>>> print(open('final-v6.cif').read())   # mmCIF, C-alpha atoms (C1' of nucleotides)
data_start
#
loop_
_atom_site.label_atom_id
_atom_site.label_comp_id
_atom_site.auth_asym_id
_atom_site.auth_seq_id
_atom_site.Cartn_x
_atom_site.Cartn_y
_atom_site.Cartn_z
CA MET A 296 19.31 -2.77 5.20
CA LEU A 297 17.53 -2.65 1.88
CA PRO A 298 13.91 -1.79 1.21
CA ASN A 299 12.11 -4.80 -0.15
CA PRO A 300 12.11 -4.36 -3.93
CA ASP A 301 9.15 -6.71 -4.25
CA GLU A 302 6.22 -4.81 -2.85
CA LYS A 303 4.64 -1.92 -4.72
CA LEU A 304 5.65 -3.43 -8.04
CA ASP A 305 3.12 -3.84 -10.85
CA PRO A 306 1.60 -7.32 -10.41
CA ARG A 307 2.23 -8.07 -14.07
CA VAL A 308 5.92 -7.41 -13.59
CA LYS A 309 6.13 -9.63 -10.53
CA ARG A 310 4.32 -12.41 -12.35
CA THR A 311 6.49 -12.18 -15.44
CA ARG A 312 9.73 -12.12 -13.51
CA ASN A 313 8.68 -15.07 -11.41
CA LEU A 314 7.75 -17.06 -14.49
CA ILE A 315 11.08 -16.29 -16.07
CA LEU A 316 12.93 -17.08 -12.89
CA THR A 317 11.18 -20.38 -12.29
CA SER A 318 11.70 -21.70 -15.78
CA PHE A 319 15.29 -20.51 -15.74
CA GLU A 320 16.03 -22.40 -12.56
CA SER A 321 14.52 -25.60 -13.85
CA LEU A 322 16.39 -25.33 -17.15
CA LEU A 323 19.58 -24.59 -15.28
CA ALA A 324 19.24 -27.83 -13.39
CA GLU A 325 18.37 -29.72 -16.53
CA LYS A 326 20.82 -28.48 -19.18
CA GLY A 327 23.32 -26.18 -17.53
CA PHE A 328 23.78 -22.48 -18.06
CA GLU A 329 25.72 -22.53 -21.33
CA SER A 330 23.14 -24.58 -23.18
CA VAL A 331 20.14 -22.64 -22.02
CA SER A 332 18.92 -20.13 -24.58
CA VAL A 333 16.63 -17.17 -24.06
CA GLN A 334 14.23 -19.03 -26.32
CA ASP A 335 14.18 -22.00 -23.97
CA VAL A 336 13.40 -19.80 -21.02
CA THR A 337 10.59 -17.88 -22.68
CA ASP A 338 9.10 -21.02 -24.20
CA GLN A 339 8.91 -22.81 -20.90
CA ALA A 340 7.71 -19.70 -19.08
CA GLU A 341 5.05 -19.14 -21.74
CA ILE A 342 6.26 -15.59 -22.11
CA ASN A 343 6.90 -13.71 -25.28
CA ARG A 344 10.56 -13.39 -26.10
CA ALA A 345 10.24 -9.63 -26.53
CA THR A 346 8.92 -9.47 -22.99
CA PHE A 347 12.08 -11.11 -21.74
CA TYR A 348 14.17 -8.35 -23.22
CA ALA A 349 11.98 -5.76 -21.54
CA HIS A 350 13.24 -7.16 -18.23
CA PHE A 351 16.74 -8.43 -18.85
CA SER A 352 19.32 -7.41 -21.42
CA ASP A 353 20.42 -11.03 -21.90
CA LYS A 354 20.76 -14.34 -20.12
CA TYR A 355 23.76 -13.12 -18.16
CA ALA A 356 21.69 -10.37 -16.62
CA LEU A 357 19.13 -12.99 -15.74
CA LEU A 358 21.71 -15.17 -14.06
CA ASP A 359 22.89 -12.19 -12.08
CA TYR A 360 19.35 -11.41 -11.01
CA ALA A 361 18.60 -15.00 -10.08
CA VAL A 362 21.73 -15.48 -8.02
CA GLN A 363 21.33 -12.16 -6.30
CA LYS A 364 17.76 -12.87 -5.36
CA ALA A 365 18.41 -16.37 -4.11
CA PHE A 366 21.38 -15.29 -2.05
CA MET A 367 19.55 -12.30 -0.64
CA ALA A 368 16.72 -14.58 0.41
CA GLU A 369 19.14 -16.61 2.53
CA ILE A 370 20.56 -13.48 4.10
CA GLU A 371 17.12 -12.20 4.96
CA LYS A 372 15.96 -15.53 6.27
CA ARG A 373 18.58 -15.27 9.02
CA LYS A 374 18.06 -11.53 9.41
CA LEU A 375 21.70 -10.76 8.68
CA ASN A 376 20.56 -7.66 6.85
CA MET A 377 19.14 -6.24 10.06
CA CYS A 378 22.07 -6.42 12.41
CA SER A 379 25.68 -5.34 12.70
CA TYR A 380 29.02 -7.07 13.01
CA SER A 381 29.49 -9.80 15.53
CA PRO A 382 31.51 -13.00 15.37
CA ASP A 383 28.32 -14.98 15.41
CA ASN A 384 26.81 -13.06 12.49
CA LEU A 385 30.03 -13.47 10.57
CA ARG A 386 29.89 -17.17 11.27
CA ASN A 387 26.41 -17.36 9.84
CA LEU A 388 27.46 -15.44 6.76
CA ILE A 389 30.29 -17.84 6.04
CA LEU A 390 27.91 -20.69 6.56
CA ILE A 391 25.42 -19.27 4.09
CA VAL A 392 28.01 -18.76 1.40
CA CYS A 393 29.26 -22.31 1.77
CA GLU A 394 25.79 -23.78 1.64
CA PHE A 395 24.92 -21.60 -1.29
CA LEU A 396 27.82 -22.75 -3.41
CA VAL A 397 27.19 -26.37 -2.52
CA THR A 398 23.59 -25.97 -3.57
CA ILE A 399 24.58 -24.39 -6.86
CA HIS A 400 26.92 -27.21 -7.66
CA SER A 401 24.30 -29.80 -7.01
CA GLY A 402 21.46 -27.87 -8.64
CA CYS A 403 23.09 -26.86 -11.91
CA ALA A 404 24.13 -29.19 -14.69
CA GLN A 405 27.71 -28.98 -15.97
CA PRO A 406 28.99 -25.86 -14.22
CA HIS A 407 31.70 -24.51 -16.55
CA GLN A 408 34.29 -21.86 -15.88
CA GLN A 409 32.21 -19.06 -17.35
CA PHE A 410 29.26 -19.84 -15.16
CA GLU A 411 31.31 -20.08 -12.00
CA SER A 412 33.01 -16.75 -12.43
CA LEU A 413 29.72 -15.02 -13.13
CA VAL A 414 28.35 -16.39 -9.91
CA GLU A 415 31.50 -15.42 -8.10
CA GLY A 416 31.19 -11.81 -9.19
CA THR A 417 27.60 -11.52 -8.11
CA ILE A 418 28.07 -13.16 -4.76
CA LYS A 419 31.16 -11.21 -3.86
CA LYS A 420 29.35 -7.98 -4.56
CA GLN A 421 26.63 -9.05 -2.13
CA ILE A 422 29.06 -10.09 0.55
CA PHE A 423 30.97 -6.87 0.22
CA GLU A 424 27.87 -4.77 0.56
CA LEU A 425 26.75 -6.62 3.63
CA LEU A 426 30.12 -6.39 5.35
CA SER A 427 30.38 -2.69 4.54
CA TYR A 428 26.98 -2.15 6.02
CA TRP A 429 27.97 -3.96 9.21
CA LEU A 430 31.23 -2.14 9.65
CA LYS A 431 29.82 1.27 8.95
CA LYS A 432 27.24 0.76 11.69
CA SER A 433 30.00 -0.10 14.13
CA LYS A 434 32.09 2.87 12.96
CA LEU A 435 34.87 0.53 11.97
CA PRO A 436 37.07 1.12 8.93
CA THR A 437 35.30 -0.28 5.93
CA GLU A 438 36.91 -0.39 2.54
CA ILE A 439 40.02 -2.48 3.02
CA PRO A 440 38.83 -4.88 5.72
CA ALA A 441 35.60 -5.58 3.86
CA THR A 442 37.50 -6.31 0.68
CA VAL A 443 39.91 -8.70 2.34
CA ALA A 444 37.15 -10.50 4.19
CA THR A 445 34.96 -10.75 1.12
CA TRP A 446 37.63 -12.49 -0.89
CA ALA A 447 38.57 -14.68 2.02
CA ILE A 448 35.02 -15.80 2.64
CA TYR A 449 34.28 -16.50 -0.97
CA GLY A 450 37.57 -18.32 -1.35
CA LEU A 451 36.86 -20.51 1.63
CA ALA A 452 33.37 -21.33 0.44
CA SER A 453 34.52 -22.08 -3.07
CA HIS A 454 37.21 -24.35 -1.73
CA TYR A 455 34.78 -26.10 0.54
CA SER A 456 32.19 -26.60 -2.16
CA HIS A 457 34.74 -28.22 -4.48
CA LEU A 458 36.10 -30.72 -1.97
CA LYS A 459 35.45 -34.30 -3.00
CA LYS A 460 34.93 -35.37 0.58
CA ARG A 461 33.50 -32.44 2.43
CA PRO A 462 34.02 -32.35 6.20
CA SER A 463 31.13 -31.26 8.40
CA LEU A 464 30.26 -27.67 7.63
CA GLU A 465 30.35 -26.85 11.34
CA LYS A 466 33.91 -28.01 11.76
CA PHE A 467 35.02 -26.25 8.62
CA VAL A 468 33.49 -22.93 9.61
CA ASP A 469 34.81 -23.17 13.16
CA GLU A 470 38.30 -23.43 11.80
CA ALA A 471 37.86 -20.66 9.25
CA LEU A 472 36.01 -18.12 11.35
CA PRO A 473 38.85 -16.72 13.48
CA LEU A 474 41.03 -16.12 10.44
CA VAL A 475 38.38 -13.97 8.84
CA ALA A 476 37.30 -12.33 12.05
CA VAL A 477 40.74 -10.97 12.74
CA ASN A 478 40.62 -9.00 9.51
CA LEU A 479 37.49 -7.24 10.57
CA GLU A 480 38.18 -6.78 14.27
CA GLN A 481 41.78 -5.82 14.46
CA PHE A 482 41.05 -2.10 14.59
CA ALA A 483 38.05 -2.31 16.84
CA MET B 496 -16.34 -33.41 -30.45
CA LEU B 497 -15.24 -29.95 -29.45
CA PRO B 498 -12.15 -28.10 -30.60
CA ASN B 499 -9.86 -27.48 -27.65
CA PRO B 500 -10.60 -23.94 -26.51
CA ASP B 501 -7.22 -23.72 -24.81
CA GLU B 502 -4.70 -23.52 -27.58
CA LYS B 503 -4.29 -20.42 -29.71
CA LEU B 504 -5.45 -18.25 -26.84
CA ASP B 505 -3.47 -15.19 -25.78
CA PRO B 506 -1.02 -16.36 -23.11
CA ARG B 507 -2.08 -13.53 -20.84
CA VAL B 508 -5.66 -14.72 -20.97
CA LYS B 509 -4.69 -18.30 -20.18
CA ARG B 510 -2.57 -17.15 -17.27
CA THR B 511 -5.21 -14.89 -15.83
CA ARG B 512 -7.96 -17.48 -16.07
CA ASN B 513 -5.77 -20.10 -14.47
CA LEU B 514 -4.88 -17.79 -11.63
CA ILE B 515 -8.53 -17.01 -11.06
CA LEU B 516 -9.50 -20.64 -11.31
CA THR B 517 -6.84 -21.87 -8.95
CA SER B 518 -7.59 -19.37 -6.23
CA PHE B 519 -11.30 -19.94 -6.66
CA GLU B 520 -10.92 -23.66 -6.14
CA SER B 521 -8.84 -23.25 -3.04
CA LEU B 522 -11.26 -20.72 -1.58
CA LEU B 523 -14.17 -22.96 -2.41
CA ALA B 524 -12.61 -25.74 -0.38
CA GLU B 525 -11.82 -23.38 2.44
CA LYS B 526 -14.93 -21.21 2.86
CA GLY B 527 -17.66 -22.55 0.60
CA PHE B 528 -19.21 -20.87 -2.41
CA GLU B 529 -21.59 -18.49 -0.67
CA SER B 530 -18.92 -16.87 1.48
CA VAL B 531 -16.38 -16.43 -1.30
CA SER B 532 -16.37 -12.91 -2.71
CA VAL B 533 -14.94 -11.68 -5.98
CA GLN B 534 -12.56 -9.69 -3.84
CA ASP B 535 -11.28 -12.81 -2.16
CA VAL B 536 -10.62 -14.44 -5.48
CA THR B 537 -8.80 -11.50 -7.03
CA ASP B 538 -6.80 -10.86 -3.88
CA GLN B 539 -5.55 -14.40 -3.67
CA ALA B 540 -4.95 -14.60 -7.42
CA GLU B 541 -3.05 -11.30 -7.33
CA ILE B 542 -5.22 -10.05 -10.13
CA ASN B 543 -6.93 -6.69 -10.40
CA ARG B 544 -10.62 -6.84 -9.66
CA ALA B 545 -11.44 -5.07 -12.90
CA THR B 546 -9.61 -7.84 -14.73
CA PHE B 547 -11.91 -10.39 -13.19
CA TYR B 548 -14.91 -8.65 -14.68
CA ALA B 549 -13.25 -8.65 -18.08
CA HIS B 550 -13.46 -12.45 -17.95
CA PHE B 551 -16.54 -13.28 -15.91
CA SER B 552 -19.69 -11.33 -15.30
CA ASP B 553 -19.83 -12.47 -11.67
CA LYS B 554 -18.93 -15.33 -9.37
CA TYR B 555 -21.77 -17.45 -10.72
CA ALA B 556 -20.29 -17.29 -14.19
CA LEU B 557 -16.99 -18.31 -12.68
CA LEU B 558 -18.54 -21.29 -10.95
CA ASP B 559 -20.11 -22.32 -14.21
CA TYR B 560 -16.82 -22.05 -16.00
CA ALA B 561 -14.95 -23.95 -13.30
CA VAL B 562 -17.42 -26.81 -13.15
CA GLN B 563 -17.65 -27.04 -16.91
CA LYS B 564 -13.91 -27.18 -17.29
CA ALA B 565 -13.36 -29.74 -14.57
CA PHE B 566 -16.11 -31.98 -15.85
CA MET B 567 -14.95 -31.69 -19.45
CA ALA B 568 -11.48 -32.68 -18.35
CA GLU B 569 -12.84 -35.96 -16.97
CA ILE B 570 -14.77 -36.60 -20.17
CA GLU B 571 -11.72 -35.99 -22.29
CA LYS B 572 -9.50 -38.06 -20.07
CA ARG B 573 -11.56 -41.13 -20.96
CA LYS B 574 -12.02 -39.99 -24.55
CA LEU B 575 -15.81 -40.03 -24.27
CA ASN B 576 -15.90 -36.96 -26.48
CA MET B 577 -14.38 -38.94 -29.34
CA CYS B 578 -16.70 -41.89 -29.63
CA SER B 579 -20.35 -42.72 -30.06
CA TYR B 580 -23.00 -44.52 -28.05
CA SER B 581 -22.27 -47.90 -26.56
CA PRO B 582 -23.34 -49.43 -23.26
CA ASP B 583 -19.76 -49.32 -22.10
CA ASN B 584 -19.37 -45.62 -22.88
CA LEU B 585 -22.62 -44.92 -21.14
CA ARG B 586 -21.37 -46.82 -18.15
CA ASN B 587 -18.26 -44.68 -18.02
CA LEU B 588 -20.31 -41.55 -18.27
CA ILE B 589 -22.47 -42.50 -15.31
CA LEU B 590 -19.34 -43.36 -13.42
CA ILE B 591 -17.80 -39.98 -14.11
CA VAL B 592 -20.85 -38.07 -12.98
CA CYS B 593 -21.00 -40.04 -9.74
CA GLU B 594 -17.35 -39.51 -9.01
CA PHE B 595 -17.61 -35.86 -9.91
CA LEU B 596 -20.42 -35.16 -7.47
CA VAL B 597 -18.67 -37.09 -4.74
CA THR B 598 -15.55 -35.05 -5.32
CA ILE B 599 -17.48 -31.80 -5.19
CA HIS B 600 -19.07 -32.72 -1.90
CA SER B 601 -15.78 -33.53 -0.33
CA GLY B 602 -13.89 -30.62 -1.92
CA CYS B 603 -16.28 -27.77 -1.17
CA ALA B 604 -17.08 -26.39 2.24
CA GLN B 605 -20.76 -26.15 3.23
CA PRO B 606 -22.53 -26.92 -0.04
CA HIS B 607 -25.86 -25.09 0.21
CA GLN B 608 -28.93 -25.41 -1.94
CA GLN B 609 -27.98 -22.55 -4.21
CA PHE B 610 -24.60 -24.00 -4.96
CA GLU B 611 -25.93 -27.46 -5.66
CA SER B 612 -28.52 -26.34 -8.15
CA LEU B 613 -26.01 -24.21 -10.02
CA VAL B 614 -23.76 -27.22 -10.37
CA GLU B 615 -26.72 -29.32 -11.41
CA GLY B 616 -27.60 -26.97 -14.24
CA THR B 617 -24.09 -26.87 -15.60
CA ILE B 618 -23.50 -30.59 -15.41
CA LYS B 619 -26.80 -31.50 -16.98
CA LYS B 620 -26.08 -29.23 -19.90
CA GLN B 621 -22.80 -31.06 -20.44
CA ILE B 622 -24.37 -34.49 -20.18
CA PHE B 623 -27.11 -33.54 -22.58
CA GLU B 624 -24.68 -32.25 -25.16
CA LEU B 625 -22.58 -35.38 -24.98
CA LEU B 626 -25.55 -37.72 -25.29
CA SER B 627 -26.94 -35.73 -28.20
CA TYR B 628 -23.61 -35.97 -29.91
CA TRP B 629 -23.50 -39.74 -29.43
CA LEU B 630 -27.01 -40.32 -30.64
CA LYS B 631 -26.71 -38.08 -33.65
CA LYS B 632 -23.67 -40.02 -34.80
CA SER B 633 -25.65 -43.27 -34.56
CA LYS B 634 -28.63 -41.72 -36.34
CA LEU B 635 -30.78 -42.42 -33.34
CA PRO B 636 -33.54 -40.07 -32.19
CA THR B 637 -32.01 -37.42 -30.04
CA GLU B 638 -34.09 -34.85 -28.23
CA ILE B 639 -36.38 -36.86 -26.01
CA PRO B 640 -34.13 -39.82 -25.20
CA ALA B 641 -31.21 -37.56 -24.39
CA THR B 642 -33.37 -35.49 -22.09
CA VAL B 643 -34.69 -38.45 -20.20
CA ALA B 644 -31.29 -40.04 -19.86
CA THR B 645 -29.67 -36.79 -18.77
CA TRP B 646 -32.08 -36.34 -15.89
CA ALA B 647 -31.86 -39.98 -14.97
CA ILE B 648 -28.09 -39.98 -14.88
CA TYR B 649 -27.85 -36.81 -12.86
CA GLY B 650 -30.50 -38.01 -10.49
CA LEU B 651 -28.70 -41.26 -9.91
CA ALA B 652 -25.41 -39.57 -9.33
CA SER B 653 -26.91 -37.01 -7.00
CA HIS B 654 -28.60 -39.75 -5.04
CA TYR B 655 -25.42 -41.77 -4.87
CA SER B 656 -23.30 -38.82 -3.77
CA HIS B 657 -25.67 -38.00 -0.92
CA LEU B 658 -25.84 -41.51 0.53
CA LYS B 659 -24.42 -41.68 4.02
CA LYS B 660 -23.00 -45.15 3.44
CA ARG B 661 -22.13 -45.37 -0.21
CA PRO B 662 -21.99 -48.84 -1.77
CA SER B 663 -19.19 -49.66 -4.18
CA LEU B 664 -19.47 -47.45 -7.21
CA GLU B 665 -19.15 -50.48 -9.47
CA LYS B 666 -22.12 -52.24 -7.96
CA PHE B 667 -24.20 -49.10 -8.03
CA VAL B 668 -23.50 -48.39 -11.67
CA ASP B 669 -24.06 -51.99 -12.70
CA GLU B 670 -27.50 -51.78 -11.26
CA ALA B 671 -28.31 -48.41 -12.76
CA LEU B 672 -26.90 -48.88 -16.24
CA PRO B 673 -29.59 -51.04 -17.84
CA LEU B 674 -32.34 -48.68 -16.73
CA VAL B 675 -30.70 -45.77 -18.45
CA ALA B 676 -29.57 -47.76 -21.46
CA VAL B 677 -33.08 -48.80 -22.32
CA ASN B 678 -34.05 -45.17 -22.77
CA LEU B 679 -31.41 -44.64 -25.35
CA GLU B 680 -31.53 -47.95 -27.15
CA GLN B 681 -35.19 -48.74 -27.44
CA PHE B 682 -35.51 -47.32 -30.94
CA ALA B 683 -32.28 -48.64 -32.28
"C1'" DT C 79 -33.87 2.48 11.90
"C1'" DT C 80 -29.87 4.17 10.75
"C1'" DG C 81 -25.36 4.54 9.58
"C1'" DA C 82 -20.63 2.72 8.75
"C1'" DG C 83 -18.07 -0.68 6.23
"C1'" DA C 84 -17.75 -4.05 2.65
"C1'" DA C 85 -18.71 -5.98 -1.83
"C1'" DT C 86 -20.24 -5.05 -6.43
"C1'" DG C 87 -20.06 -3.46 -11.13
"C1'" DT C 88 -18.31 0.12 -14.32
"C1'" DT C 89 -15.46 3.65 -16.36
"C1'" DG C 90 -11.27 5.98 -18.69
"C1'" DA C 91 -6.48 6.80 -18.77
"C1'" DC C 92 -2.02 4.45 -18.40
"C1'" DT C 93 1.38 0.60 -18.67
"C1'" DA C 94 2.95 -4.08 -19.61
"C1'" DA C 95 2.75 -8.06 -22.51
"C1'" DG C 96 1.93 -10.16 -27.04
"C1'" DC C 97 2.98 -10.62 -31.82
"C1'" DA C 98 5.03 -10.60 -36.32
"C1'" DA C 99 8.62 -9.21 -38.86
"C1'" DC C 100 13.20 -7.78 -39.45
"C1'" DA C 101 18.45 -7.68 -39.82
"C1'" DA C 102 22.35 -9.75 -38.06
"C1'" DA C 103 25.35 -13.25 -36.10
"C1'" DG C 104 26.61 -17.71 -35.09
"C1'" DG C 105 26.93 -23.24 -35.77
"C1'" DA C 106 26.87 -27.61 -38.06
"C1'" DG C 107 27.37 -30.09 -41.64
"C1'" DT C 108 28.30 -30.88 -46.82
"C1'" DA D 1092 33.48 -22.17 -49.48
"C1'" DC D 1093 28.42 -22.82 -49.03
"C1'" DT D 1094 23.66 -23.37 -47.36
"C1'" DC D 1095 20.29 -24.14 -43.83
"C1'" DC D 1096 18.78 -23.38 -39.43
"C1'" DT D 1097 18.78 -21.39 -34.89
"C1'" DT D 1098 19.40 -17.71 -31.80
"C1'" DT D 1099 19.70 -12.97 -30.92
"C1'" DG D 1100 18.28 -8.27 -30.25
"C1'" DT D 1101 15.03 -4.71 -31.85
"C1'" DT D 1102 10.83 -2.31 -33.59
"C1'" DG D 1103 5.78 -0.54 -34.28
"C1'" DC D 1104 1.35 -1.72 -33.50
"C1'" DT D 1105 -2.39 -4.34 -30.91
"C1'" DT D 1106 -4.50 -6.21 -26.87
"C1'" DA D 1107 -4.85 -7.35 -21.95
"C1'" DG D 1108 -4.16 -5.97 -17.29
"C1'" DT D 1109 -3.69 -2.20 -13.74
"C1'" DC D 1110 -5.28 1.51 -11.06
"C1'" DA D 1111 -8.11 4.86 -8.84
"C1'" DA D 1112 -12.39 6.61 -8.63
"C1'" DC D 1113 -17.29 6.46 -8.58
"C1'" DA D 1114 -22.20 5.16 -7.77
"C1'" DT D 1115 -24.90 1.12 -5.90
"C1'" DT D 1116 -26.28 -2.26 -3.21
"C1'" DC D 1117 -25.60 -5.43 1.08
"C1'" DT D 1118 -24.93 -6.53 5.76
"C1'" DC D 1119 -24.94 -6.22 10.21
"C1'" DA D 1120 -24.54 -4.25 14.63
"C1'" DA D 1121 -25.49 -0.08 17.45
#
>>> encode(input="final-v6.cif", output="C-alpha cells")
Amino acid sequence: MLPNPDEKLDPRVKRTRNLILTSFESLLAEKGFESVSVQDVTDQAEINRATFYAHFSDKYALLDYAVQKAFMAEIEKRKLNMCSYSPDNLRNLILIVCEFLVTIHSGCAQPHQQFESLVEGTIKKQIFELLSYWLKKSKLPTEIPATVATWAIYGLASHYSHLKKRPSLEKFVDEALPLVAVNLEQFA
Amino acid sequence: MLPNPDEKLDPRVKRTRNLILTSFESLLAEKGFESVSVQDVTDQAEINRATFYAHFSDKYALLDYAVQKAFMAEIEKRKLNMCSYSPDNLRNLILIVCEFLVTIHSGCAQPHQQFESLVEGTIKKQIFELLSYWLKKSKLPTEIPATVATWAIYGLASHYSHLKKRPSLEKFVDEALPLVAVNLEQFA
DNA sequence: TTGAGAATGTTGACTAAGCAACAAAGGAGT
DNA sequence: ACTCCTTTGTTGCTTAGTCAACATTCTCAA
C-alpha cells in the first residue's frame, strides 16, 4: 500500500521523532492530552523546544502523527495494507479499530471531548484510505461505499469502547460484520 | 570529589554517548571485546561512524570510558567519593572492586588477556585517585601507601573473581581488609 | 603469495539540533 | 483592573551529527 516512511530518513530525525513520541505517550497516560504542554514533552524527551517546532506545528499535529503511526502499525501487523477486500479482512479491520479505541481509553488520562474528536478524525481518514485502496483493487465503486463503511465502522468501535460492560469482542464483531459488509459488497 | 561531568553537557552529546555505550555493552556481552568492531557499535547504535570518532579515538578509548563510568557509578552509589579514609570505607571499596570484576567476567564474552589488562589499568587508576583523595584529606602520606594499597586491592579482587569456587564475599573481604588497612594506617 | 573484502581513520560539505532571546497570548490570583 | 508567571511560536547564530569518499591496514581463504 504505502512505502515505509521510516527507512531512508536521516537518523537524527528518526531519533528525535521517537524521543518526542515516547515522552508524549507517557505524558498522555499520566496527565491526559489537554494538560500536556509542548514544554512537558520536550523536557521529558530532552529535546530543545525549537526542535519540536521543526517537526510539528503544535501538539495537535503531534497527536495526529502519534495516532496515525500507532494505528498504521496495527494495520501492518496484520498485513491489511497488502491485500484487497474480503469479508475476513473487513472483520479484522473492525476488530483493530475496536481494540484501538479500547486501548486509547485505558491508556490516556481523562479523555475529553476535544481529544476524542481529534482521534476520530485521524482514524476515520485512515480507515477511509484503506477501504478505498481495497475497493479500487477489486474494481468496485469506491467513494460512497467507503464513506458509509468508514463511518459505520468507527461508530461501532466507538460505541463498543464506551460500553460499561463490554461483551466479547468476537461476538460483537460477528454481529456487526454483515451490516458493514453489505455496504461494500452490494454492487459486486 | 569530582564534579559530575554529566550535567551541563550538550544534550546531543549525552544522547550519542549513551547510544554508543549501550550498544557497546550489549555487544560486549554477546561477542566479546576483541571481536567487536567500531562498525558493529555504530551500526547497532544507529550512529554515523564518523560521529564515533568525534567522541573516541578508537574502541580502546571506548572501553576505558565505559569501565570508568561504570566503576564510578558504583563508587558514587555508596558515596565513597564524598568521605575520607576509614576502615569501613576501605572495606566497601574492596567490596566494590570484587563485585565489579565478578560482574565483568560474567557480563563479557571470552575475556582475553588484552581485555583484562586494559580493564586493570583503568580500574587501578580509579582506585589510586580515590585513595589519594582520602589520604590527602586526612593529611596522611599519599603516594607510596596509595600505590601499595591500589595494587593490593586490585590483586585481591582479581584473585577472588577468578576463583572457581568463590567463598562468600563477606568472609573474603573480612580476611583481606586488615592487610590492606595496615598499609594505609601505619603512619597515622 | 596474492588478491578480494572488511575495518579503520580522516576529510569537507551539508543538514539537523541546540540555545538564548524575543514578542505575544493566556491563566490565576489579588 | 492589575501583576506575575507560564506557555507559545519564531528567529539568527553556533555546534554536533550525517554522508560519501578516500587512502590504509587487516584478514583470511584461494
>>> closest_atom_pairs(input="final-v6.cif", of="chain A", to="chain D", cutoff="12 Å", atoms="all atoms listed in the file", output="Markdown table")
| residue | atom | partner | partner_atom | distance |
| --- | --- | --- | --- | --- |
| A:Leu304 | CA | D:DT1109 | C1' | 11.0 |
| A:Asp305 | CA | D:DT1109 | C1' | 7.6 |
| A:Pro306 | CA | D:DT1109 | C1' | 8.1 |
| A:Arg307 | CA | D:DG1108 | C1' | 7.5 |
| A:Val308 | CA | D:DG1108 | C1' | 10.8 |
| A:Arg310 | CA | D:DG1108 | C1' | 11.7 |
| A:Ser330 | CA | D:DT1098 | C1' | 11.6 |
| A:Val331 | CA | D:DT1098 | C1' | 11.0 |
| A:Ser332 | CA | D:DT1098 | C1' | 7.6 |
| A:Val333 | CA | D:DT1098 | C1' | 8.2 |
| A:Gln334 | CA | D:DT1098 | C1' | 7.6 |
| A:Asp335 | CA | D:DT1098 | C1' | 10.3 |
| A:Arg344 | CA | D:DG1100 | C1' | 10.2 |
| A:Ala345 | CA | D:DT1101 | C1' | 8.7 |
| A:Thr346 | CA | D:DT1101 | C1' | 11.8 |
| A:Phe347 | CA | D:DG1100 | C1' | 10.9 |
| A:Tyr348 | CA | D:DG1100 | C1' | 8.1 |
| A:Ala349 | CA | D:DT1101 | C1' | 10.8 |
| A:Phe351 | CA | D:DG1100 | C1' | 11.5 |
| A:Ser352 | CA | D:DG1100 | C1' | 8.9 |
| A:Asp353 | CA | D:DG1100 | C1' | 9.1 |
| A:Lys354 | CA | D:DT1099 | C1' | 10.9 |
>>> resolve_selection(input="final-v6.cif", expression="the PyMOL selection byres ((chain C) within 8 of (chain A))", output="PyMOL selection string")
chain C and resi 94-96
>>> write_last_selection(input="final-v6.cif", atoms="C-alpha atoms (C1' of nucleotides)", output="mmCIF file, in the frame of the given file")
data_model
loop_
_atom_site.group_PDB
_atom_site.id
_atom_site.type_symbol
_atom_site.label_atom_id
_atom_site.label_comp_id
_atom_site.auth_asym_id
_atom_site.auth_seq_id
_atom_site.Cartn_x
_atom_site.Cartn_y
_atom_site.Cartn_z
ATOM 1 C "C1'" DA C 94 2.950 -4.080 -19.610
ATOM 2 C "C1'" DA C 95 2.750 -8.060 -22.510
ATOM 3 C "C1'" DG C 96 1.930 -10.160 -27.040
#
>>> resolve_selection(input="final-v6.cif", expression="the PyMOL selection byres ((chain B and resi 676) around 10)", output="list in words")
Tyr580, Ser581, Pro582, Asp583, Leu585, Arg586, Pro640, Ala644, Ala671, Leu672, Pro673, Leu674, Val675, Val677, Asn678, Leu679, Glu680 and Gln681 of chain B
>>> resolve_selection(input="final-v6.cif", expression="the PyMOL selection byres ((chain A and resi 315) around 9)", output="PDB file with C-alpha atoms, in the coordinates of the input")
ATOM      1  CA  ARG A 310       4.320 -12.410 -12.350  1.00  0.00           C
ATOM      2  CA  THR A 311       6.490 -12.180 -15.440  1.00  0.00           C
ATOM      3  CA  ARG A 312       9.730 -12.120 -13.510  1.00  0.00           C
ATOM      4  CA  ASN A 313       8.680 -15.070 -11.410  1.00  0.00           C
ATOM      5  CA  LEU A 314       7.750 -17.060 -14.490  1.00  0.00           C
ATOM      6  CA  LEU A 316      12.930 -17.080 -12.890  1.00  0.00           C
ATOM      7  CA  THR A 317      11.180 -20.380 -12.290  1.00  0.00           C
ATOM      8  CA  SER A 318      11.700 -21.700 -15.780  1.00  0.00           C
ATOM      9  CA  PHE A 319      15.290 -20.510 -15.740  1.00  0.00           C
ATOM     10  CA  GLU A 320      16.030 -22.400 -12.560  1.00  0.00           C
ATOM     11  CA  VAL A 336      13.400 -19.800 -21.020  1.00  0.00           C
ATOM     12  CA  THR A 337      10.590 -17.880 -22.680  1.00  0.00           C
ATOM     13  CA  GLN A 339       8.910 -22.810 -20.900  1.00  0.00           C
ATOM     14  CA  ALA A 340       7.710 -19.700 -19.080  1.00  0.00           C
ATOM     15  CA  GLU A 341       5.050 -19.140 -21.740  1.00  0.00           C
ATOM     16  CA  ILE A 342       6.260 -15.590 -22.110  1.00  0.00           C
ATOM     17  CA  PHE A 347      12.080 -11.110 -21.740  1.00  0.00           C
ATOM     18  CA  LEU A 357      19.130 -12.990 -15.740  1.00  0.00           C
TER      19      LEU A 357
END
>>> residues_around(input="final-v6.cif", residues="stretch 563-579 of chain B", least_positions_apart="2", cutoff="12 Å", atoms="all atoms listed in the file", output="PyMOL selection string")
chain B and resi 496-501+512-513+516-517+520+556-561+581-596+598-599+613-622+624-635
>>> atom_distance(input="final-v6.cif", atom1="atom CA of B:Val643", atom2="atom CA of B:Val668")
17.2 Å
>>> atom_distance(input="final-v6.cif", atom1="atom CA of B:Ala524", atom2="atom CA of B:Tyr649")
22.6 Å
>>> atom_distance(input="final-v6.cif", atom1="atom CA of A:Pro462", atom2="atom CA of A:Gly450")
16.3 Å
